[in-house]
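Okay, work-v8.pdb is below, PDB, C-alpha atoms:
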```
ATOM      1  CA  MET K   1      51.627 -15.459 -90.685
ATOM      2  CA  ILE K   2      47.883 -15.965 -90.743
ATOM      3  CA  THR K   3      48.423 -19.371 -89.244
ATOM      4  CA  ARG K   4      50.447 -17.901 -86.461
ATOM      5  CA  THR K   5      47.813 -15.161 -85.813
ATOM      6  CA  MET K   6      45.083 -17.790 -85.842
ATOM      7  CA  LYS K   7      47.033 -19.947 -83.450
ATOM      8  CA  THR K   8      47.572 -16.957 -81.135
ATOM      9  CA  LEU K   9      43.923 -15.990 -81.442
ATOM     10  CA  GLY K  10      42.843 -19.563 -80.791
ATOM     11  CA  PHE K  11      45.150 -19.811 -77.816
ATOM     12  CA  THR K  12      43.872 -16.515 -76.414
ATOM     13  CA  THR K  13      40.255 -17.576 -76.933
ATOM     14  CA  LEU K  14      40.921 -20.913 -75.278
ATOM     15  CA  SER K  15      42.645 -19.187 -72.317
ATOM     16  CA  VAL K  16      39.762 -16.744 -71.870
ATOM     17  CA  ALA K  17      37.240 -19.596 -72.052
ATOM     18  CA  LEU K  18      39.144 -21.612 -69.437
ATOM     19  CA  LEU K  19      39.410 -18.622 -67.102
ATOM     20  CA  ALA K  20      35.703 -17.856 -67.524
ATOM     21  CA  THR K  21      34.781 -21.470 -66.840
ATOM     22  CA  ALA K  22      36.993 -21.553 -63.771
ATOM     23  CA  ALA K  23      35.511 -18.293 -62.481
ATOM     24  CA  CYS K  24      31.929 -19.426 -63.041
ATOM     25  CA  SER K  25      32.446 -22.809 -61.474
ATOM     26  CA  LYS K  26      33.970 -21.364 -58.305
ATOM     27  CA  LYS K  27      31.496 -22.002 -55.513
ATOM     28  CA  GLU K  28      30.658 -19.284 -53.062
ATOM     29  CA  THR K  29      30.771 -20.512 -49.517
ATOM     30  CA  ALA K  30      27.815 -19.216 -47.555
ATOM     31  CA  PRO K  31      28.269 -18.413 -43.909
ATOM     32  CA  ALA K  32      27.439 -21.362 -41.695
ATOM     33  CA  ILE K  33      23.916 -21.243 -40.302
ATOM     34  CA  ASP K  34      23.250 -22.923 -37.000
ATOM     35  CA  SER K  35      20.493 -25.343 -37.884
ATOM     36  CA  VAL K  36      19.781 -26.234 -34.262
ATOM     37  CA  ALA K  37      17.367 -23.734 -32.710
ATOM     38  CA  ALA K  38      17.762 -23.038 -29.018
ATOM     39  CA  ALA K  39      15.152 -24.897 -27.009
ATOM     40  CA  PRO K  40      12.836 -22.610 -25.039
ATOM     41  CA  ALA K  41      13.643 -22.457 -21.351
ATOM     42  CA  ALA K  42      11.494 -24.649 -19.153
ATOM     43  CA  PRO K  43       9.095 -22.653 -16.988
ATOM     44  CA  ALA K  44      10.259 -22.171 -13.429
ATOM     45  CA  PRO K  45       8.534 -24.470 -10.944
ATOM     46  CA  VAL K  46       5.713 -22.683  -9.183
ATOM     47  CA  LEU K  47       4.712 -22.822  -5.520
ATOM     48  CA  THR K  48       0.996 -22.817  -4.766
ATOM     49  CA  VAL K  49      -0.598 -22.237  -1.365
ATOM     50  CA  THR K  50      -3.279 -24.915  -1.185
ATOM     51  CA  SER K  51      -4.804 -24.192   2.238
ATOM     52  CA  VAL K  52      -4.478 -22.174   5.438
ATOM     53  CA  VAL K  53      -5.815 -23.530   8.747
ATOM     54  CA  LEU K  54      -6.006 -21.483  11.956
ATOM     55  CA  GLY K  55      -5.908 -23.014  15.388
ATOM     56  CA  LYS K  56      -4.884 -22.857  19.051
ATOM     57  CA  ARG K  57      -2.196 -25.559  18.943
ATOM     58  CA  ILE K  58       0.139 -27.053  16.419
ATOM     59  CA  GLY K  59       1.817 -30.447  16.151
ATOM     60  CA  ALA K  60       5.413 -31.360  15.372
ATOM     61  CA  ASP K  61       4.325 -31.687  11.735
ATOM     62  CA  LYS K  62       3.446 -27.934  11.752
ATOM     63  CA  MET K  63      -0.209 -28.869  11.299
ATOM     64  CA  VAL K  64      -3.135 -27.611  13.346
ATOM     65  CA  ALA K  65      -4.937 -30.737  14.523
ATOM     66  CA  ALA K  66      -8.607 -30.994  13.532
ATOM     67  CA  ALA K  67      -9.666 -30.748  17.194
ATOM     68  CA  ASP K  68      -7.666 -27.521  17.567
ATOM     69  CA  THR K  69      -8.931 -25.595  14.528
ATOM     70  CA  ALA K  70     -10.618 -22.340  15.368
ATOM     71  CA  SER K  71     -11.829 -19.041  14.035
ATOM     72  CA  VAL K  72     -12.653 -17.666  17.496
ATOM     73  CA  PHE K  73      -9.930 -17.238  20.128
ATOM     74  CA  THR K  74      -9.688 -15.989  23.710
ATOM     75  CA  PRO K  75      -7.549 -12.980  24.689
ATOM     76  CA  ARG K  76      -4.769 -15.256  26.073
ATOM     77  CA  ASP K  77      -4.542 -17.715  23.140
ATOM     78  CA  SER K  78      -1.568 -18.192  20.872
ATOM     79  CA  ILE K  79      -2.880 -18.172  17.316
ATOM     80  CA  TYR K  80      -1.354 -20.535  14.754
ATOM     81  CA  ALA K  81      -1.621 -20.652  10.964
ATOM     82  CA  SER K  82      -0.667 -23.862   9.147
ATOM     83  CA  VAL K  83       0.066 -23.015   5.525
ATOM     84  CA  MET K  84      -0.077 -25.996   3.188
ATOM     85  CA  HIS K  85       1.716 -25.569  -0.126
ATOM     86  CA  ASP K  86       2.750 -27.580  -3.144
ATOM     87  CA  GLY K  87       5.463 -27.096  -5.747
ATOM     88  CA  ALA K  88       9.218 -27.270  -6.043
ATOM     89  CA  PRO K  89      10.797 -23.923  -6.906
ATOM     90  CA  ALA K  90      14.442 -23.473  -5.966
ATOM     91  CA  SER K  91      13.243 -21.212  -3.169
ATOM     92  CA  ALA K  92      10.284 -19.065  -2.221
ATOM     93  CA  ASN K  93       9.523 -16.432   0.381
ATOM     94  CA  LEU K  94       6.395 -17.255   2.363
ATOM     95  CA  GLY K  95       5.074 -14.673   4.816
ATOM     96  CA  ALA K  96       2.216 -13.890   7.168
ATOM     97  CA  ARG K  97       0.856 -10.436   8.000
ATOM     98  CA  TRP K  98      -1.527 -10.355  10.989
ATOM     99  CA  SER K  99      -3.754  -7.289  11.417
ATOM    100  CA  PHE K 100      -6.497  -5.942  13.689
ATOM    101  CA  GLN K 101      -9.897  -4.727  12.415
ATOM    102  CA  THR K 102      -8.602  -1.134  12.294
ATOM    103  CA  GLY K 103      -5.943  -2.183   9.762
ATOM    104  CA  GLN K 104      -3.142  -1.937  12.316
ATOM    105  CA  VAL K 105      -0.530  -4.623  11.620
ATOM    106  CA  VAL K 106      -0.124  -6.732  14.768
ATOM    107  CA  ASP K 107       2.783  -8.836  13.486
ATOM    108  CA  SER K 108       4.531  -9.735  10.269
ATOM    109  CA  SER K 109       7.068 -12.442   9.541
ATOM    110  CA  ALA K 110       8.491 -14.324   6.552
ATOM    111  CA  GLN K 111      10.426 -17.497   5.893
ATOM    112  CA  THR K 112      12.522 -18.502   2.912
ATOM    113  CA  ILE K 113      11.605 -22.073   2.070
ATOM    114  CA  ASN K 114      13.080 -24.634  -0.349
ATOM    115  CA  PRO K 115      10.167 -26.971  -1.010
ATOM    116  CA  THR K 116      10.482 -30.222  -2.941
ATOM    117  CA  GLY K 117       6.770 -30.914  -3.290
ATOM    118  CA  PRO K 118       3.847 -30.782  -0.859
ATOM    119  CA  GLY K 119       4.769 -29.231   2.472
ATOM    120  CA  MET K 120       3.714 -27.230   5.481
ATOM    121  CA  THR K 121       4.925 -23.934   6.918
ATOM    122  CA  GLU K 122       3.782 -22.544  10.276
ATOM    123  CA  PHE K 123       3.282 -18.986  11.491
ATOM    124  CA  HIS K 124       1.973 -17.871  14.858
ATOM    125  CA  ILE K 125       1.397 -14.867  17.061
ATOM    126  CA  THR K 126       1.467 -14.596  20.852
ATOM    127  CA  LYS K 127       1.046 -11.674  23.169
ATOM    128  CA  ALA K 128       2.276 -11.155  26.737
ATOM    129  CA  THR K 129      -0.829  -9.098  27.497
ATOM    130  CA  PRO K 130      -4.342 -10.133  26.440
ATOM    131  CA  TRP K 131      -5.405  -9.652  22.830
ATOM    132  CA  PRO K 132      -7.969  -6.881  22.454
ATOM    133  CA  ALA K 133     -11.398  -8.254  21.566
ATOM    134  CA  GLY K 134     -12.318  -7.766  17.930
ATOM    135  CA  LYS K 135     -11.885  -9.022  14.409
ATOM    136  CA  TYR K 136      -8.499  -9.881  12.949
ATOM    137  CA  LYS K 137      -7.114 -11.345   9.765
ATOM    138  CA  VAL K 138      -3.966 -13.040   8.578
ATOM    139  CA  GLU K 139      -2.760 -12.542   5.019
ATOM    140  CA  ILE K 140      -0.439 -15.157   3.539
ATOM    141  CA  LEU K 141       2.102 -13.719   1.132
ATOM    142  CA  LEU K 142       4.087 -15.628  -1.481
ATOM    143  CA  ASP K 143       7.116 -13.728  -2.774
ATOM    144  CA  GLY K 144       5.443 -10.505  -1.587
ATOM    145  CA  ALA K 145       2.051 -11.095  -3.226
ATOM    146  CA  MET K 146      -1.015 -11.925  -1.143
ATOM    147  CA  VAL K 147      -2.303 -15.424  -1.976
ATOM    148  CA  SER K 148      -4.713 -16.151   0.893
ATOM    149  CA  THR K 149      -6.583 -14.422   3.705
ATOM    150  CA  LYS K 150      -8.191 -15.897   6.828
ATOM    151  CA  GLU K 151     -10.358 -13.885   9.200
ATOM    152  CA  PHE K 152     -10.744 -14.695  12.878
ATOM    153  CA  GLU K 153     -12.069 -13.135  16.044
ATOM    154  CA  VAL K 154     -10.906 -12.675  19.629
ATOM    155  CA  ARG K 155     -13.729 -12.731  22.178
ATOM    156  CA  ARG K 156     -13.688 -12.295  25.961
TER     157      ARG K 156
END
```

Encoded form using structure tokens:
Amino acid sequence: MITRTMKTLGFTTLSVALLATAACSKKETAPAIDSVAAAPAAPAPVLTVTSVVLGKRIGADKMVAAADTASVFTPRDSIYASVMHDGAPASANLGARWSFQTGQVVDSSAQTINPTGPGMTEFHITKATPWPAGKYKVEILLDGAMVSTKEFEVRR
């Protein structure tokens, strides 16, 4: 009977040892971790206004010719602003706000542009009656923010 008890005890011990070994050797599976970090987004292309030239005439290229540049105009002149810019954003809003020395806005306009590098945009003001003599300025706005100002004068 002792032999039988020892056999049962040995069998039970062996079974417990096998179960313990199986339980300890079971591997826990950790949740998968994405080892590839998301790349930071590339900065959006920026448009920069590089220069503003005022003049009395403009060419087909939207540029005020060197001979036509001016900062003093007569009461009957049309006044042009050539805005040179560089950059390639998907689109940008370029505007011009013209004002008299008192702060009164004479004219305001804007254009949505889709530049692909260096380019030119033109703004101008005309008046059916003569311009009052005095000092004026044009503010160039890029997406609503002023980026350049040019002052000019109308003389009789």

Residue IDs satisfying the PyMOL selection byres ((chain K and resi 62) around 8), as a PyMOL selection string: chain K and resi 58-61+63-64+82+120-122

Would you export the selected residues with C-alpha atoms as a CSV table (one decimal), keeping the file's coordinate frame, please?
```
chain,number,residue,atom,x,y,z
K,58,ILE,CA,0.1,-27.1,16.4
K,59,GLY,CA,1.8,-30.4,16.2
K,60,ALA,CA,5.4,-31.4,15.4
K,61,ASP,CA,4.3,-31.7,11.7
K,63,MET,CA,-0.2,-28.9,11.3
K,64,VAL,CA,-3.1,-27.6,13.3
K,82,SER,CA,-0.7,-23.9,9.1
K,120,MET,CA,3.7,-27.2,5.5
K,121,THR,CA,4.9,-23.9,6.9
K,122,GLU,CA,3.8,-22.5,10.3
```

Residues in the PyMOL selection byres ((chain K and resi 143) around 12), expressed as a PyMOL selection string: chain K and resi 46-49+89+91-96+110-113+140-142+144-147

Take the selection from the previous step and output its residues with C-alpha atoms, as a short mmCIF file (atom, residue, chain, number, x, y, z; two decimals), in the frame of the given file.
```cif
data_model
loop_
_atom_site.label_atom_id
_atom_site.label_comp_id
_atom_site.auth_asym_id
_atom_site.auth_seq_id
_atom_site.Cartn_x
_atom_site.Cartn_y
_atom_site.Cartn_z
CA VAL K 46 5.71 -22.68 -9.18
CA LEU K 47 4.71 -22.82 -5.52
CA THR K 48 1.00 -22.82 -4.77
CA VAL K 49 -0.60 -22.24 -1.36
CA PRO K 89 10.80 -23.92 -6.91
CA SER K 91 13.24 -21.21 -3.17
CA ALA K 92 10.28 -19.07 -2.22
CA ASN K 93 9.52 -16.43 0.38
CA LEU K 94 6.40 -17.26 2.36
CA GLY K 95 5.07 -14.67 4.82
CA ALA K 96 2.22 -13.89 7.17
CA ALA K 110 8.49 -14.32 6.55
CA GLN K 111 10.43 -17.50 5.89
CA THR K 112 12.52 -18.50 2.91
CA ILE K 113 11.60 -22.07 2.07
CA ILE K 140 -0.44 -15.16 3.54
CA LEU K 141 2.10 -13.72 1.13
CA LEU K 142 4.09 -15.63 -1.48
CA GLY K 144 5.44 -10.50 -1.59
CA ALA K 145 2.05 -11.10 -3.23
CA MET K 146 -1.01 -11.92 -1.14
CA VAL K 147 -2.30 -15.42 -1.98
#
```

For Val53 in chain K: contacts at 10 Å, only C-alpha atoms, fewer than 5 positions along chain excluded, given as a list of chain:residue names: K:Met63, K:Val64, K:Ala65, K:Ala66, K:Asp68, K:Thr69, K:Ala70, K:Ser71, K:Tyr80, K:Ala81, K:Ser82, K:Val83, K:Met84, K:Glu122, K:Lys150

Keeping only C-alpha atoms, write the selected residues as an mmCIF file, in the frame of the given file.
```
data_model
loop_
_atom_site.group_PDB
_atom_site.id
_atom_site.type_symbol
_atom_site.label_atom_id
_atom_site.label_comp_id
_atom_site.auth_asym_id
_atom_site.auth_seq_id
_atom_site.Cartn_x
_atom_site.Cartn_y
_atom_site.Cartn_z
ATOM 1 C CA MET K 63 -0.209 -28.869 11.299
ATOM 2 C CA VAL K 64 -3.135 -27.611 13.346
ATOM 3 C CA ALA K 65 -4.937 -30.737 14.523
ATOM 4 C CA ALA K 66 -8.607 -30.994 13.532
ATOM 5 C CA ASP K 68 -7.666 -27.521 17.567
ATOM 6 C CA THR K 69 -8.931 -25.595 14.528
ATOM 7 C CA ALA K 70 -10.618 -22.340 15.368
ATOM 8 C CA SER K 71 -11.829 -19.041 14.035
ATOM 9 C CA TYR K 80 -1.354 -20.535 14.754
ATOM 10 C CA ALA K 81 -1.621 -20.652 10.964
ATOM 11 C CA SER K 82 -0.667 -23.862 9.147
ATOM 12 C CA VAL K 83 0.066 -23.015 5.525
ATOM 13 C CA MET K 84 -0.077 -25.996 3.188
ATOM 14 C CA GLU K 122 3.782 -22.544 10.276
ATOM 15 C CA LYS K 150 -8.191 -15.897 6.828
#
```

Local residues around (1.4, -12.1, 11.5), at most 7 Å away, using only C-alpha atoms, as a PyMOL selection string: chain K and resi 96-98+106-109+124-125+138

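Of the listed residues K:Phe152, K:Arg57, K:Pro40, K:Pro115, the one whose atoms come nearest to Ser78 in chain K is K:Arg57, with distances taken using all atoms listed in the file.
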
Residues selected by the PyMOL selection byres ((chain K and resi 102) around 10), written as a VMD selection string: chain K and resid 99 to 101 103 to 105 134 to 136

Residue nearest Arg155 in chain K - candidates K:Ala38, K:Ala133, K:Ile79, K:Val52, atoms counted: all atoms listed in the file: K:Ala133

List as an mmCIF file with C-alpha atoms, in the coordinates of the input the residues having at least one atom at most 7 Å from position (-10.8, -11.6, 6.1) as given in the file, counting all atoms listed in the file.
```
data_model
loop_
_atom_site.group_PDB
_atom_site.id
_atom_site.type_symbol
_atom_site.label_atom_id
_atom_site.label_comp_id
_atom_site.auth_asym_id
_atom_site.auth_seq_id
_atom_site.Cartn_x
_atom_site.Cartn_y
_atom_site.Cartn_z
ATOM 1 C CA LYS K 137 -7.114 -11.345 9.765
ATOM 2 C CA THR K 149 -6.583 -14.422 3.705
ATOM 3 C CA LYS K 150 -8.191 -15.897 6.828
ATOM 4 C CA GLU K 151 -10.358 -13.885 9.200
#
```

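Taking CA of Lys127 in chain K as the reference point, CA of Asp77 in chain K is found at 8.2 Å.
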
For Ala44 in chain K, the nearest of the candidates K:Ala128, K:Ala88, K:Val72, K:Ala67, counting only C-alpha atoms: K:Ala88

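CA of Ala90 in chain K lies 13.8 Å from CA of Pro118 in chain K.
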
CA of Glu153 in chain K to CA of Trp131 in chain K, distance in Å rounded to a single decimal: 10.1 Å

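Comparing the minimum interatomic distances between Thr50 in chain K and each of K:Pro75, K:Asn114, K:Thr129, K:Gly119, counting only C-alpha atoms, we find that K:Gly119 sits nearest.
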
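Closest approach to Gly55 in chain K among K:Phe73, K:Gly117, K:Pro132, K:Ala42: K:Phe73, based on only C-alpha atoms.
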
Reconstruct N, CA and C atoms of range 102-133 of chain K from the incomplete input and present them as an mmCIF file, in the frame of the given file.
```cif
data_model
loop_
_atom_site.group_PDB
_atom_site.id
_atom_site.type_symbol
_atom_site.label_atom_id
_atom_site.label_comp_id
_atom_site.auth_asym_id
_atom_site.auth_seq_id
_atom_site.Cartn_x
_atom_site.Cartn_y
_atom_site.Cartn_z
ATOM 1 N N THR K 102 -8.876 -2.523 12.673
ATOM 2 C CA THR K 102 -8.602 -1.134 12.294
ATOM 3 C C THR K 102 -7.594 -1.039 11.143
ATOM 4 N N GLY K 103 -6.979 -2.177 10.793
ATOM 5 C CA GLY K 103 -5.943 -2.183 9.762
ATOM 6 C C GLY K 103 -4.543 -2.161 10.341
ATOM 7 N N GLN K 104 -4.449 -1.950 11.661
ATOM 8 C CA GLN K 104 -3.142 -1.937 12.316
ATOM 9 C C GLN K 104 -2.503 -3.317 12.211
ATOM 10 N N VAL K 105 -1.256 -3.356 11.719
ATOM 11 C CA VAL K 105 -0.530 -4.623 11.620
ATOM 12 C C VAL K 105 -0.056 -5.013 13.010
ATOM 13 N N VAL K 106 -0.470 -6.209 13.448
ATOM 14 C CA VAL K 106 -0.124 -6.732 14.768
ATOM 15 C C VAL K 106 1.240 -7.399 14.726
ATOM 16 N N ASP K 107 1.507 -8.127 13.635
ATOM 17 C CA ASP K 107 2.783 -8.836 13.486
ATOM 18 C C ASP K 107 2.967 -9.184 12.014
ATOM 19 N N SER K 108 4.198 -9.349 11.636
ATOM 20 C CA SER K 108 4.531 -9.735 10.269
ATOM 21 C C SER K 108 5.822 -10.538 10.307
ATOM 22 N N SER K 109 5.848 -11.637 9.607
ATOM 23 C CA SER K 109 7.068 -12.442 9.541
ATOM 24 C C SER K 109 7.114 -13.166 8.206
ATOM 25 N N ALA K 110 8.313 -13.609 7.821
ATOM 26 C CA ALA K 110 8.491 -14.324 6.552
ATOM 27 C C ALA K 110 9.563 -15.385 6.722
ATOM 28 N N GLN K 111 9.454 -16.403 5.896
ATOM 29 C CA GLN K 111 10.426 -17.497 5.893
ATOM 30 C C GLN K 111 10.803 -17.808 4.454
ATOM 31 N N THR K 112 12.085 -18.008 4.210
ATOM 32 C CA THR K 112 12.522 -18.502 2.912
ATOM 33 C C THR K 112 12.481 -20.009 2.997
ATOM 34 N N ILE K 113 11.746 -20.625 2.065
ATOM 35 C CA ILE K 113 11.605 -22.073 2.070
ATOM 36 C C ILE K 113 12.163 -22.646 0.769
ATOM 37 N N ASN K 114 12.571 -23.905 0.810
ATOM 38 C CA ASN K 114 13.080 -24.634 -0.349
ATOM 39 C C ASN K 114 12.274 -25.915 -0.510
ATOM 40 N N PRO K 115 11.038 -25.794 -0.953
ATOM 41 C CA PRO K 115 10.167 -26.971 -1.010
ATOM 42 C C PRO K 115 10.558 -27.926 -2.136
ATOM 43 N N THR K 116 10.228 -29.199 -1.928
ATOM 44 C CA THR K 116 10.482 -30.222 -2.941
ATOM 45 C C THR K 116 9.192 -30.956 -3.288
ATOM 46 N N GLY K 117 8.076 -30.316 -3.044
ATOM 47 C CA GLY K 117 6.770 -30.914 -3.290
ATOM 48 C C GLY K 117 5.808 -30.421 -2.231
ATOM 49 N N PRO K 118 4.793 -31.211 -1.894
ATOM 50 C CA PRO K 118 3.847 -30.782 -0.859
ATOM 51 C C PRO K 118 4.557 -30.566 0.475
ATOM 52 N N GLY K 119 4.143 -29.523 1.181
ATOM 53 C CA GLY K 119 4.769 -29.231 2.472
ATOM 54 C C GLY K 119 3.906 -28.325 3.324
ATOM 55 N N MET K 120 4.430 -28.017 4.489
ATOM 56 C CA MET K 120 3.714 -27.230 5.481
ATOM 57 C C MET K 120 4.668 -26.197 6.076
ATOM 58 N N THR K 121 4.169 -24.993 6.241
ATOM 59 C CA THR K 121 4.925 -23.934 6.918
ATOM 60 C C THR K 121 4.011 -23.354 7.981
ATOM 61 N N GLU K 122 4.575 -23.008 9.128
ATOM 62 C CA GLU K 122 3.782 -22.544 10.276
ATOM 63 C C GLU K 122 4.155 -21.118 10.640
ATOM 64 N N PHE K 123 3.117 -20.334 10.958
ATOM 65 C CA PHE K 123 3.282 -18.986 11.491
ATOM 66 C C PHE K 123 2.404 -18.895 12.735
ATOM 67 N N HIS K 124 2.816 -18.052 13.672
ATOM 68 C CA HIS K 124 1.973 -17.871 14.858
ATOM 69 C C HIS K 124 2.231 -16.504 15.485
ATOM 70 N N ILE K 125 1.247 -16.100 16.287
ATOM 71 C CA ILE K 125 1.397 -14.867 17.061
ATOM 72 C C ILE K 125 1.017 -15.158 18.508
ATOM 73 N N THR K 126 1.748 -14.520 19.409
ATOM 74 C CA THR K 126 1.467 -14.596 20.852
ATOM 75 C C THR K 126 1.577 -13.182 21.392
ATOM 76 N N LYS K 127 1.007 -13.008 22.567
ATOM 77 C CA LYS K 127 1.046 -11.674 23.169
ATOM 78 C C LYS K 127 1.166 -11.837 24.682
ATOM 79 N N ALA K 128 2.071 -11.084 25.287
ATOM 80 C CA ALA K 128 2.276 -11.155 26.737
ATOM 81 C C ALA K 128 1.054 -10.625 27.490
ATOM 82 N N THR K 129 0.410 -9.629 26.910
ATOM 83 C CA THR K 129 -0.829 -9.098 27.497
ATOM 84 C C THR K 129 -1.998 -9.625 26.662
ATOM 85 N N PRO K 130 -3.200 -9.580 27.191
ATOM 86 C CA PRO K 130 -4.342 -10.133 26.440
ATOM 87 C C PRO K 130 -4.573 -9.429 25.096
ATOM 88 N N TRP K 131 -5.015 -10.208 24.120
ATOM 89 C CA TRP K 131 -5.405 -9.652 22.830
ATOM 90 C C TRP K 131 -6.653 -8.799 23.026
ATOM 91 N N PRO K 132 -6.725 -7.643 22.405
ATOM 92 C CA PRO K 132 -7.969 -6.881 22.454
ATOM 93 C C PRO K 132 -9.069 -7.653 21.705
ATOM 94 N N ALA K 133 -10.274 -7.599 22.247
ATOM 95 C CA ALA K 133 -11.398 -8.254 21.566
ATOM 96 C C ALA K 133 -11.637 -7.549 20.231
#
```
